[in-house]
Number of protein chains: 2
Amino acid sequence: MDTTWAPPLRDAGLRVTRPRLAVLDALAAHPHADADTLVTVARQAHPTLSPQAVYGVLKALVGVGLARRVEPAGAPALYEVRVGDNHHHLVCRSCGAVADVDCTVGAAPCLTPSDTAGFVVDEAEVVFWGLCRECRVRTPEGTAQVLQHDNRGGAHA
Amino acid sequence: MDTTWAPPLRDAGLRVTRPRLAVLDALAAHPHADADTLVTVARQAHPTLSPQAVYGVLKALVGVGLARRVEPAGAPALYEVRVGDNHHHLVCRSCGAVADVDCTVGAAPCLTPSDTAGFVVDEAEVVFWGLCRECRVRTPEGTAQVLQHDNRGGAHA
DNA sequence: GGCCTTCATTTGACTCGTTCAAGAAAAGCG
DNA sequence: CGCTTTTCTTGAACGAGTCAAATGAAGGCC
């Protein structure tokens, strides 16, 4: 599996190191993992790996475009290896689960705001908030409201 | 000015206090301010106001729907009083400036992802990343890349 | 293959934004 | 005007992520 990642790393001008391979494998196995999870997973391949090393590796990978960083409001940052296409994300308010949504590129009206206020836009980031199937089953009616955006105008204790 | 905010606060079941009025005024004057800015501004009306008080007030306001919290990746959270409509934001990668974008509600194809992977979506959050006019003038060609998302992999229109 | 330069990782401390907790003060009802 | 409840103050704590110095590994060159 190591050889799979070596060429992309070299092409990006990065050295091929054990920590980087371990993190990349961990990323491939966990498509939307936070730094902490990646430390845990990558340690199976490289037990002495430190959290800071993972942060460093991730920063390098994101810097050269081999990984992407996603930061849903109110949750630690997530990383994914799927790059090159601009897809978006579904985030569960209750458990934080993340799923990919393919962007309907081409005919994507949402990506060109009507009035750009003088900005030159180069990317549109879309986050869909909701409840995943499991959480919908577990919480009969909108009971759990864990992750951010819990502004319902309801009663207050 | 105080009387302007009192009714909404009461309607929401919140008491009308000096810190809350000060923060609301500060919010109205600075449409996309972070907590720190709000502390500074609100102190003009209420000099003894503490940062924690502002955090508390903001939490209460967001809780009842009088304010909205926005968290652009890589920057401290911003707050705004414009609620009730689902508008989106333009964020400048270089200076962090934020501008509102009216959402083409009604016919908003971006709000219904093709495959929801079992999620029930109740909100779509869109962030447009780019450069504001000032930063474009100041930095000839894509020089500055300060705020997150410096993955020059495959940005897409 | 071994040496050397350079880049990467380790280790540890530290910053920033934010939250938590206990007591004091103010709001609003009767 | 006094009482109850909410809210503010004060001070400490927390998690995620970053920074810096020193050790260690990667890979080009001979």
# chains A, B, ... in the order shown; residues from 1 in each chain; ligands from 1
>>> residues_around(residues="Thr37 of chain A", least_positions_apart="6", cutoff="12 Å", atoms="only C-alpha atoms (C1' of nucleotides)", output="compact mmCIF listing (two decimals) with C-alpha atoms, in the first residue's frame")
# COMPACT_ATOMS: atom_id res chain seq x y z
CA VAL A 23 -1.70 9.26 7.72
CA ALA A 26 -5.70 6.39 7.65
CA LEU A 27 -7.31 9.09 5.55
CA ALA A 29 -9.79 4.31 5.40
CA HIS A 30 -11.70 7.11 7.13
CA PRO A 31 -12.93 9.58 4.54
CA ARG A 43 -0.75 4.64 15.08
CA GLN A 44 -1.75 1.13 14.09
CA PRO A 51 -0.38 14.20 17.45
CA VAL A 54 -0.17 14.31 12.32
CA TYR A 55 -0.95 18.01 12.35
CA PRO A 76 -13.07 19.96 14.92
CA ALA A 77 -11.65 20.07 11.41
CA LEU A 78 -12.06 17.06 9.16
CA TYR A 79 -9.74 15.89 6.44
>>> interface_residues(of="chain C", to="chain A", cutoff="10 Å", atoms="only C-alpha atoms (C1' of nucleotides)", output="list in words")
DC7, DA8, DT9, DT10 and DT11 of chain C
>>> closest_atom_pairs(of="chain D", to="chain A", cutoff="9 Å", atoms="only C-alpha atoms (C1' of nucleotides)", output="Markdown table")
| residue | atom | partner | partner_atom | distance |
| --- | --- | --- | --- | --- |
| D:DA16 | C1' | A:Pro76 | CA | 7.0 |
| D:DG17 | C1' | A:Tyr55 | CA | 8.2 |
| D:DA25 | C1' | A:Thr17 | CA | 8.1 |
| D:DA26 | C1' | A:Arg15 | CA | 6.7 |
| D:DG27 | C1' | A:Arg15 | CA | 8.4 |
>>> interface_residues(of="chain A", to="chain B", cutoff="6 Å", atoms="only C-alpha atoms", output="mmCIF file with N, CA and C atoms, in the first residue's frame")
data_model
loop_
_atom_site.group_PDB
_atom_site.id
_atom_site.type_symbol
_atom_site.label_atom_id
_atom_site.label_comp_id
_atom_site.auth_asym_id
_atom_site.auth_seq_id
_atom_site.Cartn_x
_atom_site.Cartn_y
_atom_site.Cartn_z
ATOM 1 N N VAL A 62 -2.377 19.171 2.862
ATOM 2 C CA VAL A 62 -3.337 20.177 2.425
ATOM 3 C C VAL A 62 -2.622 21.248 1.605
ATOM 4 N N GLY A 63 -1.422 21.596 2.046
ATOM 5 C CA GLY A 63 -0.660 22.627 1.359
ATOM 6 C C GLY A 63 -0.371 22.296 -0.099
ATOM 7 N N GLY A 65 -2.135 20.095 -1.823
ATOM 8 C CA GLY A 65 -3.353 19.694 -2.514
ATOM 9 C C GLY A 65 -3.628 18.209 -2.518
ATOM 10 N N GLU A 71 -14.121 22.285 7.656
ATOM 11 C CA GLU A 71 -14.378 22.713 9.027
ATOM 12 C C GLU A 71 -15.838 23.030 9.256
ATOM 13 N N ALA A 73 -18.981 24.081 11.208
ATOM 14 C CA ALA A 73 -19.116 24.953 12.372
ATOM 15 C C ALA A 73 -19.344 24.142 13.627
ATOM 16 N N GLY A 84 -9.654 17.585 -6.060
ATOM 17 C CA GLY A 84 -9.726 17.740 -7.505
ATOM 18 C C GLY A 84 -11.147 17.951 -7.985
ATOM 19 N N CYS A 110 -26.156 27.817 -7.890
ATOM 20 C CA CYS A 110 -25.851 28.290 -6.545
ATOM 21 C C CYS A 110 -24.423 28.787 -6.446
ATOM 22 N N GLY A 118 -18.338 43.136 -5.321
ATOM 23 C CA GLY A 118 -16.955 43.471 -5.631
ATOM 24 C C GLY A 118 -15.975 42.336 -5.378
ATOM 25 N N PHE A 119 -16.472 41.217 -4.887
ATOM 26 C CA PHE A 119 -15.605 40.075 -4.643
ATOM 27 C C PHE A 119 -15.366 39.296 -5.935
ATOM 28 N N VAL A 120 -14.194 38.695 -6.040
ATOM 29 C CA VAL A 120 -13.953 37.728 -7.098
ATOM 30 C C VAL A 120 -13.994 36.346 -6.448
ATOM 31 N N VAL A 121 -15.027 35.614 -6.747
ATOM 32 C CA VAL A 121 -15.252 34.332 -6.094
ATOM 33 C C VAL A 121 -14.518 33.220 -6.829
ATOM 34 N N ASP A 122 -13.806 32.380 -6.105
ATOM 35 C CA ASP A 122 -13.147 31.262 -6.767
ATOM 36 C C ASP A 122 -13.597 29.916 -6.239
ATOM 37 N N GLU A 123 -14.406 29.924 -5.202
ATOM 38 C CA GLU A 123 -14.912 28.657 -4.693
ATOM 39 C C GLU A 123 -16.207 28.869 -3.935
ATOM 40 N N ALA A 124 -17.099 27.936 -4.104
ATOM 41 C CA ALA A 124 -18.330 27.960 -3.333
ATOM 42 C C ALA A 124 -18.364 26.702 -2.485
ATOM 43 N N GLU A 125 -18.541 26.915 -1.210
ATOM 44 C CA GLU A 125 -18.525 25.806 -0.269
ATOM 45 C C GLU A 125 -19.936 25.632 0.259
ATOM 46 N N VAL A 126 -20.466 24.441 0.146
ATOM 47 C CA VAL A 126 -21.837 24.208 0.579
ATOM 48 C C VAL A 126 -21.861 23.149 1.668
ATOM 49 N N VAL A 127 -22.554 23.456 2.738
ATOM 50 C CA VAL A 127 -22.741 22.477 3.808
ATOM 51 C C VAL A 127 -24.233 22.285 4.029
ATOM 52 N N PHE A 128 -24.661 21.037 3.919
ATOM 53 C CA PHE A 128 -26.066 20.722 4.160
ATOM 54 C C PHE A 128 -26.211 20.188 5.577
ATOM 55 N N TRP A 129 -27.034 20.848 6.361
ATOM 56 C CA TRP A 129 -27.245 20.430 7.749
ATOM 57 C C TRP A 129 -28.534 19.650 7.863
ATOM 58 N N GLY A 130 -28.475 18.598 8.659
ATOM 59 C CA GLY A 130 -29.683 17.804 8.836
ATOM 60 C C GLY A 130 -29.452 16.692 9.832
ATOM 61 N N LEU A 131 -30.232 15.632 9.695
ATOM 62 C CA LEU A 131 -30.072 14.476 10.567
ATOM 63 C C LEU A 131 -29.832 13.241 9.713
ATOM 64 N N CYS A 132 -28.876 12.453 10.125
ATOM 65 C CA CYS A 132 -28.611 11.224 9.388
ATOM 66 C C CYS A 132 -29.670 10.180 9.757
ATOM 67 N N ARG A 133 -29.690 9.104 9.020
ATOM 68 C CA ARG A 133 -30.730 8.102 9.210
ATOM 69 C C ARG A 133 -30.744 7.555 10.634
ATOM 70 N N ASN A 151 -30.699 27.126 16.893
ATOM 71 C CA ASN A 151 -31.540 28.291 17.109
ATOM 72 C C ASN A 151 -32.943 28.067 16.605
ATOM 73 N N GLY A 153 -36.747 28.937 17.591
ATOM 74 C CA GLY A 153 -37.296 29.994 18.420
ATOM 75 C C GLY A 153 -38.203 29.491 19.520
#
>>> select_by_dssp(residues="segment 24-137 of chain A", states="alpha helix (DSSP H)", output="PyMOL selection string")
chain A and resi 24-29+35-42+51-64+133-137
>>> atom_distance(atom1="atom C1' of DG17 of chain C", atom2="atom CA of Asp34 of chain B")
10.4 Å
>>> select_by_dssp(residues="segment 33-69 of chain B", states="strand (DSSP E or B)", output="PyMOL selection string")
chain B and resi 33-34+68-69
>>> write_last_selection(atoms="N, CA and C atoms", output="PDB file, in the first residue's frame")
ATOM      1  N   ALA B  33     -19.443  41.025  12.912  1.00  0.00           N
ATOM      2  CA  ALA B  33     -18.368  41.224  13.871  1.00  0.00           C
ATOM      3  C   ALA B  33     -18.097  39.959  14.666  1.00  0.00           C
ATOM      4  N   ASP B  34     -16.855  39.775  15.044  1.00  0.00           N
ATOM      5  CA  ASP B  34     -16.543  38.662  15.927  1.00  0.00           C
ATOM      6  C   ASP B  34     -16.727  39.114  17.374  1.00  0.00           C
ATOM      7  N   ARG B  68     -27.571  35.406  14.604  1.00  0.00           N
ATOM      8  CA  ARG B  68     -27.094  34.208  13.934  1.00  0.00           C
ATOM      9  C   ARG B  68     -25.588  34.131  14.058  1.00  0.00           C
ATOM     10  N   ARG B  69     -25.112  32.938  14.203  1.00  0.00           N
ATOM     11  CA  ARG B  69     -23.683  32.738  14.328  1.00  0.00           C
ATOM     12  C   ARG B  69     -23.165  32.143  13.036  1.00  0.00           C
TER      13      ARG B  69
END
>>> atom_distance(atom1="atom C1' of DT6 of chain C", atom2="atom C1' of DG28 of chain D")
10.2 Å
>>> residues_around(residues="DC14 of chain D", least_positions_apart="2", cutoff="10 Å", atoms="only C-alpha atoms (C1' of nucleotides)", output="PDB file with C-alpha atoms (C1' of nucleotides), in the first residue's frame")
ATOM      1  C1'  DT C  18     -14.503  29.741  23.872  1.00  0.00           C
ATOM      2  C1'  DT C  19     -16.845  27.593  27.836  1.00  0.00           C
ATOM      3  C1'  DC C  20     -17.736  26.482  32.764  1.00  0.00           C
TER       4       DC C  20
ATOM      5  C1'  DA D  12     -10.353  29.616  36.101  1.00  0.00           C
ATOM      6  C1'  DA D  16      -7.981  22.435  19.087  1.00  0.00           C
TER       7       DA D  16
END
